>>> print(open('entry.cif').read())   # mmCIF, C-alpha atoms
data_run
loop_
_atom_site.group_PDB
_atom_site.id
_atom_site.type_symbol
_atom_site.label_atom_id
_atom_site.label_comp_id
_atom_site.auth_asym_id
_atom_site.auth_seq_id
_atom_site.Cartn_x
_atom_site.Cartn_y
_atom_site.Cartn_z
ATOM 1 C CA MET A 72 -6.330 6.343 31.683
ATOM 2 C CA ASN A 73 -6.233 2.685 32.655
ATOM 3 C CA GLU A 74 -2.544 1.758 32.768
ATOM 4 C CA LEU A 75 -3.185 -1.647 31.222
ATOM 5 C CA ARG A 76 -4.725 -0.321 28.019
ATOM 6 C CA SER A 77 -2.670 -0.041 24.900
ATOM 7 C CA ILE A 78 -3.537 2.601 22.311
ATOM 8 C CA VAL A 79 -4.657 1.747 18.787
ATOM 9 C CA LEU A 80 -4.500 4.589 16.272
ATOM 10 C CA MET A 81 -6.777 4.427 13.259
ATOM 11 C CA GLY A 82 -7.599 6.835 10.474
ATOM 12 C CA LEU A 83 -7.184 7.323 6.756
ATOM 13 C CA ARG A 84 -3.865 7.478 4.935
ATOM 14 C CA GLY A 85 -2.142 10.707 5.774
ATOM 15 C CA SER A 86 -3.954 11.246 9.067
ATOM 16 C CA GLY A 87 -0.665 10.951 10.953
ATOM 17 C CA LYS A 88 -0.964 7.573 12.664
ATOM 18 C CA THR A 89 2.727 6.688 12.442
ATOM 19 C CA THR A 90 3.925 10.206 13.250
ATOM 20 C CA ILE A 91 1.552 10.590 16.205
ATOM 21 C CA GLY A 92 2.375 7.074 17.375
ATOM 22 C CA ALA A 93 6.057 8.015 17.575
ATOM 23 C CA ARG A 94 5.178 11.165 19.535
ATOM 24 C CA LEU A 95 3.001 9.190 21.941
ATOM 25 C CA VAL A 96 5.735 6.719 22.836
ATOM 26 C CA ASP A 97 7.957 9.706 23.622
ATOM 27 C CA LEU A 98 5.280 11.024 25.998
ATOM 28 C CA LEU A 99 4.224 7.739 27.590
ATOM 29 C CA PRO A 100 6.852 5.826 29.573
ATOM 30 C CA HIS A 101 7.070 2.088 28.875
ATOM 31 C CA PHE A 102 4.994 2.240 25.667
ATOM 32 C CA VAL A 103 6.459 0.958 22.405
ATOM 33 C CA LEU A 104 5.307 1.732 18.863
ATOM 34 C CA GLN A 105 4.166 -0.985 16.509
ATOM 35 C CA ASP A 106 3.265 0.001 12.952
ATOM 36 C CA LEU A 107 1.032 -2.496 11.164
ATOM 37 C CA ASP A 108 2.144 -1.563 7.652
ATOM 38 C CA GLN A 109 5.781 -2.014 8.672
ATOM 39 C CA SER A 110 5.048 -5.376 10.313
ATOM 40 C CA VAL A 111 3.264 -6.593 7.189
ATOM 41 C CA LEU A 112 6.243 -5.597 5.037
ATOM 42 C CA GLU A 113 8.748 -7.203 7.429
ATOM 43 C CA ASP A 114 6.771 -10.456 7.248
ATOM 44 C CA SER A 115 6.636 -10.435 3.434
ATOM 45 C CA GLU A 116 9.090 -11.120 0.658
ATOM 46 C CA HIS A 117 7.686 -7.992 -1.048
ATOM 47 C CA LYS A 118 9.354 -4.637 -0.490
ATOM 48 C CA THR A 119 6.264 -2.403 -0.778
ATOM 49 C CA ILE A 120 2.554 -2.482 -0.072
ATOM 50 C CA ASP A 121 1.987 -1.898 -3.778
ATOM 51 C CA ALA A 122 3.958 -5.077 -4.571
ATOM 52 C CA ILE A 123 1.905 -7.106 -2.085
ATOM 53 C CA VAL A 124 -1.349 -5.783 -3.555
ATOM 54 C CA LYS A 125 -0.184 -6.538 -7.103
ATOM 55 C CA ALA A 126 0.804 -10.087 -6.112
ATOM 56 C CA GLU A 127 -2.044 -10.963 -3.727
ATOM 57 C CA GLY A 128 -4.768 -8.365 -4.272
ATOM 58 C CA TRP A 129 -6.322 -6.240 -1.569
ATOM 59 C CA ALA A 130 -7.885 -9.342 0.022
ATOM 60 C CA GLY A 131 -4.432 -10.889 0.469
ATOM 61 C CA PHE A 132 -3.069 -7.676 1.923
ATOM 62 C CA ARG A 133 -5.999 -7.353 4.366
ATOM 63 C CA MET A 134 -5.419 -10.954 5.471
ATOM 64 C CA ARG A 135 -1.751 -10.150 6.133
ATOM 65 C CA GLU A 136 -2.841 -7.160 8.240
ATOM 66 C CA PHE A 137 -5.248 -9.379 10.167
ATOM 67 C CA GLU A 138 -2.522 -11.936 10.868
ATOM 68 C CA GLN A 139 -0.172 -9.263 12.225
ATOM 69 C CA LEU A 140 -2.979 -7.743 14.294
ATOM 70 C CA GLN A 141 -3.662 -11.168 15.817
ATOM 71 C CA ILE A 142 -0.014 -11.423 16.865
ATOM 72 C CA TRP A 143 -0.066 -7.996 18.497
ATOM 73 C CA LEU A 144 -3.309 -8.583 20.344
ATOM 74 C CA TRP A 145 -2.171 -12.042 21.428
ATOM 75 C CA SER A 146 0.927 -10.478 22.984
ATOM 76 C CA LEU A 147 -1.187 -7.868 24.783
ATOM 77 C CA HIS A 148 -3.434 -10.608 26.149
ATOM 78 C CA HIS A 149 -0.623 -12.912 27.270
ATOM 79 C CA LEU A 150 1.818 -10.216 28.352
ATOM 80 C CA PRO A 151 -0.486 -7.624 29.941
ATOM 81 C CA GLU A 152 2.457 -5.663 31.318
ATOM 82 C CA HIS A 153 3.343 -4.625 27.752
ATOM 83 C CA ARG A 154 2.037 -1.275 26.625
ATOM 84 C CA MET A 155 1.861 -0.483 22.935
ATOM 85 C CA VAL A 156 0.811 2.227 20.588
ATOM 86 C CA LEU A 157 -0.470 0.298 17.587
ATOM 87 C CA SER A 158 -0.658 2.231 14.334
ATOM 88 C CA LEU A 159 -3.154 0.530 12.017
ATOM 89 C CA GLY A 160 -3.326 0.657 8.269
ATOM 90 C CA GLY A 161 -6.316 2.728 7.185
ATOM 91 C CA GLY A 162 -8.359 -0.205 5.909
ATOM 92 C CA VAL A 163 -7.891 -2.530 8.884
ATOM 93 C CA PRO A 164 -11.273 -1.759 10.502
ATOM 94 C CA THR A 165 -13.024 -2.400 7.170
ATOM 95 C CA PHE A 166 -11.922 -6.052 7.166
ATOM 96 C CA GLU A 167 -14.543 -7.994 9.124
ATOM 97 C CA LYS A 168 -12.105 -10.300 10.938
ATOM 98 C CA SER A 169 -9.853 -7.407 11.960
ATOM 99 C CA LEU A 170 -12.809 -5.352 13.132
ATOM 100 C CA ALA A 171 -14.068 -8.256 15.237
ATOM 101 C CA ILE A 172 -10.790 -8.789 17.078
ATOM 102 C CA LEU A 173 -10.313 -5.045 17.605
ATOM 103 C CA GLN A 174 -13.767 -4.775 19.138
ATOM 104 C CA SER A 175 -13.143 -7.846 21.295
ATOM 105 C CA ALA A 176 -9.841 -6.435 22.572
ATOM 106 C CA GLU A 177 -11.550 -3.117 23.281
ATOM 107 C CA LEU A 178 -14.436 -4.826 25.069
ATOM 108 C CA HIS A 179 -11.976 -6.747 27.254
ATOM 109 C CA GLY A 180 -10.177 -3.548 28.246
ATOM 110 C CA MET A 181 -6.939 -4.332 26.435
ATOM 111 C CA ILE A 182 -6.978 -1.386 24.030
ATOM 112 C CA CYS A 183 -8.374 2.065 23.511
ATOM 113 C CA LEU A 184 -9.271 2.944 19.915
ATOM 114 C CA VAL A 185 -8.299 6.464 18.839
ATOM 115 C CA TYR A 186 -9.501 7.862 15.513
ATOM 116 C CA LEU A 187 -7.200 10.526 14.087
ATOM 117 C CA ARG A 188 -9.744 12.341 11.940
ATOM 118 C CA ALA A 189 -8.602 14.569 9.099
ATOM 119 C CA THR A 190 -10.790 16.136 6.449
ATOM 120 C CA PRO A 191 -10.287 15.104 2.826
ATOM 121 C CA ALA A 192 -8.711 18.504 2.079
ATOM 122 C CA THR A 193 -6.075 17.966 4.778
ATOM 123 C CA LEU A 194 -5.442 14.398 3.646
ATOM 124 C CA ALA A 195 -5.046 15.498 0.018
ATOM 125 C CA ALA A 196 -2.533 18.177 1.001
ATOM 126 C CA ARG A 197 -0.527 15.714 3.081
ATOM 127 C CA MET A 198 -0.534 12.998 0.427
ATOM 128 C CA GLU A 199 0.200 15.276 -2.510
ATOM 129 C CA THR A 200 3.863 14.296 -2.537
ATOM 130 C CA SER A 201 3.401 10.636 -1.568
ATOM 131 C CA GLN A 202 3.508 8.062 -4.350
ATOM 132 C CA ASP A 203 4.170 5.014 -2.178
ATOM 133 C CA ARG A 204 0.618 3.695 -1.891
ATOM 134 C CA PRO A 205 -1.493 1.976 -4.508
ATOM 135 C CA SER A 206 -4.873 3.376 -5.401
ATOM 136 C CA LEU A 207 -7.727 1.933 -3.386
ATOM 137 C CA THR A 208 -10.392 2.717 -5.959
ATOM 138 C CA GLY A 209 -8.610 3.495 -9.232
ATOM 139 C CA LYS A 210 -10.065 7.013 -9.126
ATOM 140 C CA ASP A 211 -8.328 10.371 -9.330
ATOM 141 C CA PRO A 212 -6.440 10.861 -6.014
ATOM 142 C CA ILE A 213 -8.697 13.695 -4.787
ATOM 143 C CA ALA A 214 -11.878 11.807 -5.707
ATOM 144 C CA GLU A 215 -10.440 8.690 -4.082
ATOM 145 C CA ILE A 216 -9.720 10.475 -0.811
ATOM 146 C CA GLN A 217 -13.260 11.862 -0.663
ATOM 147 C CA SER A 218 -14.779 8.498 -1.564
ATOM 148 C CA VAL A 219 -12.763 6.557 1.028
ATOM 149 C CA PHE A 220 -13.456 9.226 3.671
ATOM 150 C CA ASP A 221 -17.183 8.984 2.952
ATOM 151 C CA GLU A 222 -17.052 5.181 3.244
ATOM 152 C CA ARG A 223 -14.980 4.967 6.426
ATOM 153 C CA ASP A 224 -15.597 8.046 8.579
ATOM 154 C CA ALA A 225 -18.816 6.785 10.176
ATOM 155 C CA LEU A 226 -17.270 3.363 10.867
ATOM 156 C CA TYR A 227 -14.199 4.851 12.521
ATOM 157 C CA ARG A 228 -16.322 7.205 14.636
ATOM 158 C CA SER A 229 -18.673 4.395 15.663
ATOM 159 C CA ILE A 230 -15.913 2.191 17.080
ATOM 160 C CA ALA A 231 -13.558 4.860 18.475
ATOM 161 C CA ASP A 232 -13.244 5.562 22.169
ATOM 162 C CA VAL A 233 -11.715 8.917 21.255
ATOM 163 C CA VAL A 234 -11.910 11.038 18.100
ATOM 164 C CA ILE A 235 -9.192 13.651 17.608
ATOM 165 C CA ASP A 236 -9.630 16.178 14.803
ATOM 166 C CA VAL A 237 -6.105 16.709 13.467
ATOM 167 C CA ASP A 238 -6.758 19.479 10.938
ATOM 168 C CA GLY A 239 -4.481 22.448 11.559
ATOM 169 C CA GLN A 240 -2.615 20.760 14.411
ATOM 170 C CA LEU A 241 1.080 20.091 14.731
ATOM 171 C CA PRO A 242 1.966 16.473 15.552
ATOM 172 C CA SER A 243 2.939 17.511 19.081
ATOM 173 C CA GLU A 244 -0.461 19.158 19.578
ATOM 174 C CA THR A 245 -2.265 16.071 18.311
ATOM 175 C CA ALA A 246 -0.237 13.763 20.575
ATOM 176 C CA ASP A 247 -0.979 16.009 23.562
ATOM 177 C CA ALA A 248 -4.696 15.966 22.663
ATOM 178 C CA VAL A 249 -4.664 12.155 22.533
ATOM 179 C CA VAL A 250 -3.020 11.878 25.952
ATOM 180 C CA LYS A 251 -5.445 14.413 27.437
ATOM 181 C CA ALA A 252 -8.502 12.678 25.948
ATOM 182 C CA LEU A 253 -7.365 9.260 27.175
ATOM 183 C CA GLY A 254 -6.796 10.700 30.627
ATOM 184 C CA GLU A 255 -10.428 11.815 30.690
ATOM 185 C CA LEU A 256 -11.841 8.347 29.925
#
>>> encode(input="entry.cif", output="structure tokens")
Amino acid sequence: MNELRSIVLMGLRGSGKTTIGARLVDLLPHFVLQDLDQSVLEDSEHKTIDAIVKAEGWAGFRMREFEQLQIWLWSLHHLPEHRMVLSLGGGVPTFEKSLAILQSAELHGMICLVYLRATPATLAARMETSQDRPSLTGKDPIAEIQSVFDERDALYRSIADVVIDVDGQLPSETADAVVKALGEL
């Protein structure tokens, strides 16, 4: 793996981006974890993503994600010695401006995009107890997961440098698979 490339984790809600990100920084010396959702909340007067969406709509939330992503990628460009594991919100690649700067950073060798791919059944099981995210579609949670998976899976796969299927894996196994796959690039 090119030492100068930071890792960007993408995937649907519940795919394990934050958990795997934390495992990766334990495995990779000198890498730090940045979580986009957390950065958006820290930069907002709102306490939850749901509150931001209620106040600003999904478009406002996506713009906040884009602004935070710009800051991260700016720091990677201007401080190339920094190594990060960036955990994206699930919808980041669907926002045209965010997708464009991710692809530019990837093209310029600053980042490696890793798709943590989980099937809708796995995502539903993981999110069964989570009530901290607003509905994306207004549908039943199971129907929503399938619908969002159907909309985003091909996009994620098309831009990813690495796709890791996380179904049935422990977080440690997934983190090890990410490191191995990046080492083979």
>>> closest_residue(input="entry.cif", among="A:Leu173, A:Glu116, A:Val185, A:Leu83", to="Ser218 (chain A)", atoms="all atoms listed in the file")
A:Leu83
>>> resolve_selection(input="entry.cif", expression="the PyMOL selection byres ((chain A and resi 228) around 10)", output="list in words")
Gly82, Leu184, Val185, Tyr186, Leu187, Arg188, Arg223, Asp224, Ala225, Leu226, Tyr227, Ser229, Ile230, Ala231, Asp232, Val233 and Val234 of chain A
>>> axis_aligned_box(input="entry.cif", around="region 129-144 of chain A", padding_each_side="4 Å", output="JSON")
{"center_x": -3.9, "center_y": -9.1, "center_z": 9.4, "size_x": 15.9, "size_y": 13.7, "size_z": 29.9}
>>> resolve_selection(input="entry.cif", expression="the PyMOL selection byres ((chain A and resi 115) around 12)", output="list in words")
Asp108, Gln109, Ser110, Val111, Leu112, Glu113, Asp114, Glu116, His117, Lys118, Thr119, Ile120, Ala122, Ile123, Val124, Ala126, Glu127, Gly131, Phe132, Arg135, Glu136, Glu138 and Gln139 of chain A
>>> closest_residue(input="entry.cif", among="A:Gly162, A:Ala192, A:Cys183, A:Ala93", to="Leu256 (chain A)", atoms="only C-alpha atoms")
A:Cys183
>>> residues_around(input="entry.cif", residues="Asp106 (chain A)", least_positions_apart="5", cutoff="9 Å", atoms="only C-alpha atoms", output="MDAnalysis selection string")
chainID A and resid 88:89 92 111 156:160
>>> atom_distance(input="entry.cif", atom1="CA of Leu241 (chain A)", atom2="CA of Val79 (chain A)")
19.6 Å
>>> closest_residue(input="entry.cif", among="A:Val250, A:Leu80, A:Ile235, A:Ile172", to="Leu140 (chain A)", atoms="all atoms listed in the file")
A:Ile172
>>> resolve_selection(input="entry.cif", expression="the PyMOL selection byres ((chain A and resi 147) around 12)", output="ChimeraX atom specification")
/A:75-79,102-103,140-146,148-157,173,176-177,179-182
>>> atom_distance(input="entry.cif", atom1="CA of Ala189 (chain A)", atom2="CA of Asp238 (chain A)")
5.6 Å
>>> atom_distance(input="entry.cif", atom1="CA of Ile213 (chain A)", atom2="CA of Ala130 (chain A)")
23.5 Å
>>> closest_residue(input="entry.cif", among="A:Gln217, A:Ser175, A:Thr245, A:Gln105", to="Thr190 (chain A)", atoms="all atoms listed in the file")
A:Gln217
>>> decode(input="entry.cif", residues="region 234-246 of chain A", atoms="N, CA and C atoms", output="compact mmCIF listing (two decimals), in the first residue's frame")
# COMPACT_ATOMS: atom_id res chain seq x y z
N VAL A 234 -13.47 -3.60 -2.40
CA VAL A 234 -14.79 -3.94 -1.86
C VAL A 234 -14.57 -5.09 -0.87
N ILE A 235 -15.03 -4.89 0.36
CA ILE A 235 -14.92 -5.92 1.39
C ILE A 235 -16.34 -6.33 1.79
N ASP A 236 -16.66 -7.60 1.59
CA ASP A 236 -17.96 -8.12 2.02
C ASP A 236 -17.87 -8.41 3.51
N VAL A 237 -18.69 -7.73 4.31
CA VAL A 237 -18.58 -7.81 5.76
C VAL A 237 -19.53 -8.82 6.40
N ASP A 238 -20.44 -9.37 5.62
CA ASP A 238 -21.41 -10.32 6.18
C ASP A 238 -20.69 -11.47 6.89
N GLY A 239 -21.12 -11.74 8.12
CA GLY A 239 -20.58 -12.86 8.87
C GLY A 239 -19.18 -12.66 9.41
N GLN A 240 -18.63 -11.46 9.29
CA GLN A 240 -17.28 -11.22 9.78
C GLN A 240 -17.31 -10.43 11.08
N LEU A 241 -16.37 -10.73 11.95
CA LEU A 241 -16.14 -9.91 13.13
C LEU A 241 -15.44 -8.63 12.69
N PRO A 242 -15.57 -7.55 13.44
CA PRO A 242 -14.86 -6.32 13.07
C PRO A 242 -13.35 -6.52 12.88
N SER A 243 -12.74 -7.34 13.71
CA SER A 243 -11.30 -7.59 13.57
C SER A 243 -10.99 -8.29 12.25
N GLU A 244 -11.86 -9.20 11.83
CA GLU A 244 -11.66 -9.89 10.55
C GLU A 244 -11.82 -8.93 9.38
N THR A 245 -12.80 -8.05 9.48
CA THR A 245 -13.01 -7.06 8.42
C THR A 245 -11.82 -6.11 8.32
N ALA A 246 -11.35 -5.62 9.46
CA ALA A 246 -10.19 -4.72 9.46
C ALA A 246 -8.97 -5.40 8.86
